[in-house]
$ cat input-v8.cif   # mmCIF, C-alpha atoms, pLDDT in the B column; chains and numbers go by the auth columns
data_work
#
loop_
_atom_site.group_PDB
_atom_site.id
_atom_site.type_symbol
_atom_site.label_atom_id
_atom_site.label_comp_id
_atom_site.label_asym_id
_atom_site.label_seq_id
_atom_site.Cartn_x
_atom_site.Cartn_y
_atom_site.Cartn_z
_atom_site.B_iso_or_equiv
_atom_site.auth_seq_id
_atom_site.auth_asym_id
ATOM 1 C CA MET A 1 128.058 13.373 148.413 66.00 29 A
ATOM 2 C CA ASP A 2 125.596 15.272 150.588 70.00 30 A
ATOM 3 C CA THR A 3 126.849 17.878 153.026 76.00 31 A
ATOM 4 C CA ILE A 4 125.371 18.178 156.452 66.00 32 A
ATOM 5 C CA LYS A 5 126.061 21.531 158.044 86.00 33 A
ATOM 6 C CA LEU A 6 125.944 21.617 161.790 77.00 34 A
ATOM 7 C CA LYS A 7 125.711 24.834 163.743 80.00 35 A
ATOM 8 C CA PRO A 8 126.877 24.640 167.362 80.00 36 A
ATOM 9 C CA VAL A 9 124.312 25.626 169.993 73.00 37 A
ATOM 10 C CA ALA A 10 124.865 26.311 173.653 80.00 38 A
ATOM 11 C CA VAL A 11 123.730 23.406 175.791 82.00 39 A
ATOM 12 C CA THR A 12 120.748 24.069 178.048 83.00 40 A
ATOM 13 C CA SER A 13 118.746 21.961 180.464 84.00 41 A
ATOM 14 C CA LYS A 14 115.931 22.000 177.901 91.00 42 A
ATOM 15 C CA ILE A 15 118.222 20.423 175.294 90.00 43 A
ATOM 16 C CA LEU A 16 119.406 17.808 177.784 88.00 44 A
ATOM 17 C CA SER A 17 115.784 16.991 178.660 90.00 45 A
ATOM 18 C CA PHE A 18 115.050 16.547 174.977 92.00 46 A
ATOM 19 C CA LEU A 19 117.970 14.110 174.589 90.00 47 A
ATOM 20 C CA GLU A 20 116.936 12.270 177.754 92.00 48 A
ATOM 21 C CA ASP A 21 113.339 11.969 176.539 93.00 49 A
ATOM 22 C CA ARG A 22 114.723 10.252 173.453 91.00 50 A
ATOM 23 C CA SER A 23 116.717 7.793 175.619 88.00 51 A
ATOM 24 C CA LEU A 24 120.009 9.140 174.296 88.00 52 A
ATOM 25 C CA ILE A 25 121.533 10.406 177.530 86.00 53 A
ATOM 26 C CA ARG A 26 120.826 10.260 181.262 86.00 54 A
ATOM 27 C CA THR A 27 121.309 13.353 183.311 86.00 55 A
ATOM 28 C CA LEU A 28 122.618 12.891 186.814 85.00 56 A
ATOM 29 C CA LYS A 29 119.642 13.369 189.086 86.00 57 A
ATOM 30 C CA PRO A 30 118.012 11.377 191.870 91.00 58 A
ATOM 31 C CA THR A 31 115.805 8.484 190.870 92.00 59 A
ATOM 32 C CA ARG A 32 112.113 8.926 191.644 92.00 60 A
ATOM 33 C CA ASN A 33 112.148 6.029 194.161 95.00 61 A
ATOM 34 C CA VAL A 34 115.007 7.577 196.160 95.00 62 A
ATOM 35 C CA LEU A 35 113.579 11.085 195.937 93.00 63 A
ATOM 36 C CA ASP A 36 110.154 9.928 197.157 94.00 64 A
ATOM 37 C CA SER A 37 111.441 7.490 199.805 94.00 65 A
ATOM 38 C CA LYS A 38 109.984 7.955 203.295 92.00 66 A
ATOM 39 C CA SER A 39 112.065 5.138 204.843 93.00 67 A
ATOM 40 C CA GLU A 40 113.777 5.965 208.131 89.00 68 A
ATOM 41 C CA ASN A 41 116.748 3.909 206.931 90.00 69 A
ATOM 42 C CA GLY A 42 117.342 6.001 203.812 93.00 70 A
ATOM 43 C CA ALA A 43 117.295 4.629 200.305 95.00 71 A
ATOM 44 C CA VAL A 44 119.705 3.338 197.670 94.00 72 A
ATOM 45 C CA GLU A 45 118.894 2.478 194.081 94.00 73 A
ATOM 46 C CA THR A 46 121.199 1.528 191.224 92.00 74 A
ATOM 47 C CA VAL A 47 121.008 4.080 188.435 90.00 75 A
ATOM 48 C CA TYR A 48 122.802 1.713 186.070 86.00 76 A
ATOM 49 C CA SER A 49 125.411 -1.019 186.086 86.00 77 A
ATOM 50 C CA SER A 50 127.756 -1.710 183.197 82.00 78 A
ATOM 51 C CA ALA A 51 127.625 -4.946 181.276 80.00 79 A
ATOM 52 C CA VAL A 52 130.269 -7.329 182.619 82.00 80 A
ATOM 53 C CA GLU A 53 131.910 -7.759 179.213 85.00 81 A
ATOM 54 C CA PHE A 54 132.808 -4.036 179.247 77.00 82 A
ATOM 55 C CA GLY A 55 134.249 -3.956 182.721 76.00 83 A
ATOM 56 C CA SER A 56 131.986 -3.619 185.658 85.00 84 A
ATOM 57 C CA HIS A 57 130.927 -0.599 187.659 91.00 85 A
ATOM 58 C CA LYS A 58 127.682 0.952 188.739 94.00 86 A
ATOM 59 C CA LEU A 59 126.268 4.327 189.608 95.00 87 A
ATOM 60 C CA ILE A 60 123.984 4.442 192.631 96.00 88 A
ATOM 61 C CA CYS A 61 121.735 7.150 193.997 96.00 89 A
ATOM 62 C CA VAL A 62 121.732 7.354 197.820 97.00 90 A
ATOM 63 C CA LYS A 63 119.395 9.061 200.273 96.00 91 A
ATOM 64 C CA SER A 64 120.871 9.357 203.753 94.00 92 A
ATOM 65 C CA CYS A 65 118.228 9.473 206.506 94.00 93 A
ATOM 66 C CA SER A 66 120.023 8.142 209.574 92.00 94 A
ATOM 67 C CA ALA A 67 121.761 10.236 212.232 90.00 95 A
ATOM 68 C CA LYS A 68 123.498 7.147 213.618 91.00 96 A
ATOM 69 C CA ILE A 69 127.173 6.734 212.795 92.00 97 A
ATOM 70 C CA LYS A 70 127.715 3.185 211.523 94.00 98 A
ATOM 71 C CA LEU A 71 131.216 3.119 210.083 96.00 99 A
ATOM 72 C CA ASN A 72 132.082 0.861 207.180 96.00 100 A
ATOM 73 C CA SER A 73 134.721 0.553 204.489 96.00 101 A
ATOM 74 C CA HIS A 74 135.117 -1.147 201.130 95.00 102 A
ATOM 75 C CA PRO A 75 138.003 -3.139 199.601 93.00 103 A
ATOM 76 C CA ASP A 76 138.001 -0.882 196.513 93.00 104 A
ATOM 77 C CA ASN A 77 137.564 2.800 195.695 92.00 105 A
ATOM 78 C CA GLU A 78 134.259 4.586 195.152 94.00 106 A
ATOM 79 C CA GLU A 79 133.510 8.012 193.679 94.00 107 A
ATOM 80 C CA PHE A 80 131.172 10.393 195.498 95.00 108 A
ATOM 81 C CA ILE A 81 129.236 12.910 193.410 96.00 109 A
ATOM 82 C CA ILE A 82 127.513 15.443 195.643 95.00 110 A
ATOM 83 C CA ILE A 83 125.383 17.491 193.320 96.00 111 A
ATOM 84 C CA ASN A 84 121.816 18.690 193.488 96.00 112 A
ATOM 85 C CA ASN A 85 120.177 19.553 190.196 92.00 113 A
ATOM 86 C CA THR A 86 116.651 19.325 191.570 92.00 114 A
ATOM 87 C CA LYS A 87 114.471 22.064 192.995 90.00 115 A
ATOM 88 C CA GLU A 88 114.659 20.355 196.410 92.00 116 A
ATOM 89 C CA LYS A 89 116.592 22.008 199.236 95.00 117 A
ATOM 90 C CA PHE A 90 118.133 19.034 201.008 96.00 118 A
ATOM 91 C CA LYS A 91 119.126 18.965 204.653 94.00 119 A
ATOM 92 C CA PRO A 92 122.913 18.998 205.128 92.00 120 A
ATOM 93 C CA LEU A 93 124.890 15.866 204.291 93.00 121 A
ATOM 94 C CA TYR A 94 127.532 14.857 206.815 93.00 122 A
ATOM 95 C CA ILE A 95 130.194 12.219 206.227 94.00 123 A
ATOM 96 C CA ALA A 96 132.191 10.786 209.118 93.00 124 A
ATOM 97 C CA ILE A 97 135.622 9.682 207.923 96.00 125 A
ATOM 98 C CA GLY A 98 138.080 7.608 209.945 94.00 126 A
ATOM 99 C CA LEU A 99 141.626 8.922 209.754 95.00 127 A
ATOM 100 C CA TYR A 100 143.147 5.438 209.684 95.00 128 A
ATOM 101 C CA LYS A 101 142.584 2.574 207.287 96.00 129 A
ATOM 102 C CA HIS A 102 140.089 -0.148 208.228 96.00 130 A
ATOM 103 C CA VAL A 103 142.485 -2.601 209.947 97.00 131 A
ATOM 104 C CA ILE A 104 144.091 0.038 212.192 96.00 132 A
ATOM 105 C CA PHE A 105 140.774 1.715 212.930 95.00 133 A
ATOM 106 C CA GLU A 106 139.169 -1.601 213.838 96.00 134 A
ATOM 107 C CA GLN A 107 142.126 -2.402 216.118 96.00 135 A
ATOM 108 C CA LYS A 108 141.699 0.963 217.888 94.00 136 A
ATOM 109 C CA VAL A 109 138.026 0.160 218.455 94.00 137 A
ATOM 110 C CA LYS A 110 138.862 -3.335 219.726 93.00 138 A
ATOM 111 C CA ASN A 111 141.541 -1.944 222.097 93.00 139 A
ATOM 112 C CA SER A 112 139.220 0.861 223.279 91.00 140 A
ATOM 113 C CA SER A 113 141.836 3.394 222.199 93.00 141 A
ATOM 114 C CA LEU A 114 139.707 5.269 219.659 93.00 142 A
ATOM 115 C CA LYS A 115 139.856 9.044 220.262 92.00 143 A
ATOM 116 C CA PRO A 116 137.915 11.995 218.801 92.00 144 A
ATOM 117 C CA ASP A 117 141.012 12.932 216.766 90.00 145 A
ATOM 118 C CA ASP A 118 140.749 9.590 214.930 94.00 146 A
ATOM 119 C CA LEU A 119 137.620 10.775 213.048 92.00 147 A
ATOM 120 C CA MET A 120 136.420 13.801 211.130 93.00 148 A
ATOM 121 C CA LEU A 121 132.785 14.726 210.574 93.00 149 A
ATOM 122 C CA LEU A 122 132.522 16.775 207.413 93.00 150 A
ATOM 123 C CA LYS A 123 129.542 18.863 206.348 92.00 151 A
ATOM 124 C CA TRP A 124 129.271 18.922 202.569 91.00 152 A
ATOM 125 C CA ARG A 125 128.059 21.608 200.197 90.00 153 A
ATOM 126 C CA TYR A 126 126.315 20.674 197.005 94.00 154 A
ATOM 127 C CA ASN A 127 127.453 21.795 193.563 94.00 155 A
ATOM 128 C CA ASP A 128 130.861 23.078 194.613 91.00 156 A
ATOM 129 C CA PRO A 129 133.352 22.011 191.934 84.00 157 A
ATOM 130 C CA MET A 130 136.193 21.973 194.443 86.00 158 A
ATOM 131 C CA ILE A 131 134.560 19.424 196.773 89.00 159 A
ATOM 132 C CA SER A 132 131.481 17.897 195.150 92.00 160 A
ATOM 133 C CA VAL A 133 133.233 15.019 193.379 93.00 161 A
ATOM 134 C CA PHE A 134 135.860 12.908 195.099 93.00 162 A
ATOM 135 C CA THR A 135 137.067 9.334 195.494 94.00 163 A
ATOM 136 C CA MET A 136 136.797 7.550 198.817 95.00 164 A
ATOM 137 C CA LEU A 137 139.856 5.336 198.701 93.00 165 A
ATOM 138 C CA LYS A 138 139.675 1.663 199.585 94.00 166 A
ATOM 139 C CA ASP A 139 139.749 0.630 203.240 95.00 167 A
ATOM 140 C CA THR A 140 138.738 4.108 204.464 96.00 168 A
ATOM 141 C CA PRO A 141 136.148 3.929 207.264 95.00 169 A
ATOM 142 C CA HIS A 142 133.245 6.272 206.601 95.00 170 A
ATOM 143 C CA CYS A 143 129.535 6.827 207.156 95.00 171 A
ATOM 144 C CA GLU A 144 127.043 9.243 205.632 95.00 172 A
ATOM 145 C CA ILE A 145 124.512 10.770 207.991 91.00 173 A
ATOM 146 C CA SER A 146 121.641 13.236 208.034 93.00 174 A
ATOM 147 C CA LEU A 147 120.139 14.875 211.076 89.00 175 A
ATOM 148 C CA PRO A 148 116.450 14.869 211.960 89.00 176 A
ATOM 149 C CA GLY A 149 114.445 17.968 211.176 90.00 177 A
ATOM 150 C CA GLU A 150 112.550 19.787 208.490 92.00 178 A
ATOM 151 C CA GLY A 151 113.244 19.239 204.826 93.00 179 A
ATOM 152 C CA PRO A 152 114.157 16.307 202.625 94.00 180 A
ATOM 153 C CA SER A 153 117.099 14.102 203.556 95.00 181 A
ATOM 154 C CA PRO A 154 120.244 14.581 201.468 96.00 182 A
ATOM 155 C CA ILE A 155 120.681 12.667 198.232 97.00 183 A
ATOM 156 C CA PHE A 156 123.973 12.048 196.444 97.00 184 A
ATOM 157 C CA PHE A 157 125.522 9.665 193.919 97.00 185 A
ATOM 158 C CA VAL A 158 128.244 7.043 194.166 96.00 186 A
ATOM 159 C CA SER A 159 130.032 5.294 191.319 95.00 187 A
ATOM 160 C CA GLU A 160 131.570 2.034 192.450 93.00 188 A
ATOM 161 C CA PRO A 161 132.409 -1.496 191.366 92.00 189 A
ATOM 162 C CA SER A 162 129.200 -3.430 190.808 90.00 190 A
ATOM 163 C CA LYS A 163 130.097 -6.170 193.296 89.00 191 A
ATOM 164 C CA LEU A 164 131.631 -3.970 195.990 91.00 192 A
ATOM 165 C CA ILE A 165 131.124 -5.313 199.491 91.00 193 A
ATOM 166 C CA MET A 166 130.627 -3.283 202.649 94.00 194 A
ATOM 167 C CA ARG A 167 132.673 -4.143 205.739 97.00 195 A
ATOM 168 C CA SER A 168 131.091 -2.835 208.927 97.00 196 A
ATOM 169 C CA ILE A 169 133.129 -1.720 211.907 96.00 197 A
ATOM 170 C CA LYS A 170 131.439 -2.673 215.177 94.00 198 A
ATOM 171 C CA THR A 171 131.606 0.342 217.445 93.00 199 A
ATOM 172 C CA ASP A 172 129.115 -0.900 220.048 89.00 200 A
ATOM 173 C CA ASN A 173 131.525 0.072 222.799 87.00 201 A
ATOM 174 C CA TYR A 174 131.397 3.717 221.687 91.00 202 A
ATOM 175 C CA ASN A 175 128.732 6.390 221.762 89.00 203 A
ATOM 176 C CA PHE A 176 129.152 9.122 219.174 89.00 204 A
ATOM 177 C CA GLU A 177 127.963 12.661 219.883 86.00 205 A
ATOM 178 C CA LEU A 178 127.674 15.298 217.222 83.00 206 A
ATOM 179 C CA CYS A 179 128.665 18.717 218.507 81.00 207 A
ATOM 180 C CA LEU A 180 126.818 21.149 216.292 72.00 208 A
ATOM 181 C CA SER A 181 127.176 24.853 216.963 64.00 209 A
ATOM 182 C CA GLY A 182 123.938 26.300 218.291 53.00 210 A
ATOM 183 C CA ASN A 183 122.259 22.874 218.384 48.00 211 A
ATOM 184 C CA GLY A 184 124.063 21.348 221.335 48.00 212 A
ATOM 185 C CA ARG A 185 125.161 17.746 221.210 51.00 213 A
ATOM 186 C CA LYS A 186 123.401 14.934 219.401 57.00 214 A
ATOM 187 C CA LYS A 187 124.091 11.299 220.252 56.00 215 A
ATOM 188 C CA THR A 188 124.241 8.684 217.538 57.00 216 A
#

$ encode --input "input-v8.cif" --output "structure tokens"
Amino acid sequence: MDTIKLKPVAVTSKILSFLEDRSLIRTLKPTRNVLDSKSENGAVETVYSSAVEFGSHKLICVKSCSAKIKLNSHPDNEEFIIINNTKEKFKPLYIAIGLYKHVIFEQKVKNSSLKPDDLMLLKWRYNDPMISVFTMLKDTPHCEISLPGEGPSPIFFVSEPSKLIMRSIKTDNYNFELCLSGNGRKKT
């Protein structure tokens, strides 16, 4: 019997690139199409989707370019992965999150009883292990936004069921303003 001796080596980005070049792994980084997108509406591209016979989920890469808050929710959970392992310095990523589940939130909108305290607008940091990976639970209204200005729009990843639907919340009877310190108010 032959013996194969293996000596552990510390993992480096160079080693991961080598494995990726051999189609053995995929590092988590934006796809070229999303990274290069110039669309005013942002960009989304599936990184991969599992074969149905093994259970179904997908990993998507998202570029958020819009400053307009268009709330939506999903009937199942999704995982957000807010990391940046590129040399790009993205503009800040903001996520508006409704503080009530979809049905109640939609009822508040319909009854014109939605108040500022019913939403939070969170500014995210990349590569922070305490906040960079989280699950948006089902039926939670949310919307990712980016503000106009210099620099590339933010890019992040989402792992979700491959057939997940998006349920929009019509907020036509509301005007959202972003109150950013030093920048005044921005309407969306």

$ closest_residue --input "input-v8.cif" --among "A:Val137, A:Leu192, A:Ile110, A:Leu47" --to "A:Lys91" --atoms "only C-alpha atoms"
A:Ile110

$ closest_residue --input "input-v8.cif" --among "A:Arg50, A:Lys138, A:Lys119, A:His85" --to "A:Ile173" --atoms "all atoms listed in the file"
A:Lys119

$ residues_around --input "input-v8.cif" --residues "A:Ile132" --least-positions-apart "4" --cutoff "12 Å" --atoms "only C-alpha atoms" --output "PyMOL selection string"
chain A and resi 126-128+136-139+141-142+146+167-169+197

$ write_last_selection --input "input-v8.cif" --atoms "C-alpha atoms" --output "CSV table (one decimal), in the frame of the given file"
chain,number,residue,atom,x,y,z
A,126,GLY,CA,138.1,7.6,209.9
A,127,LEU,CA,141.6,8.9,209.8
A,128,TYR,CA,143.1,5.4,209.7
A,136,LYS,CA,141.7,1.0,217.9
A,137,VAL,CA,138.0,0.2,218.5
A,138,LYS,CA,138.9,-3.3,219.7
A,139,ASN,CA,141.5,-1.9,222.1
A,141,SER,CA,141.8,3.4,222.2
A,142,LEU,CA,139.7,5.3,219.7
A,146,ASP,CA,140.7,9.6,214.9
A,167,ASP,CA,139.7,0.6,203.2
A,168,THR,CA,138.7,4.1,204.5
A,169,PRO,CA,136.1,3.9,207.3
A,197,ILE,CA,133.1,-1.7,211.9

$ residues_around --input "input-v8.cif" --residues "A:Ser101" --least-positions-apart "5" --cutoff "12 Å" --atoms "only C-alpha atoms" --output "list in words"
Glu106, Ala124, Ile125, Gly126, Tyr128, Lys129, His130, Val131, Phe133, Glu134, Met164, Leu165, Lys166, Asp167, Thr168, Pro169, His170, Cys171, Glu172, Leu192, Ile193, Met194, Arg195, Ser196, Ile197 and Lys198 of chain A

$ closest_residue --input "input-v8.cif" --among "A:Ala38, A:Cys89, A:Leu147, A:Ile159" --to "A:Ile183" --atoms "all atoms listed in the file"
A:Cys89
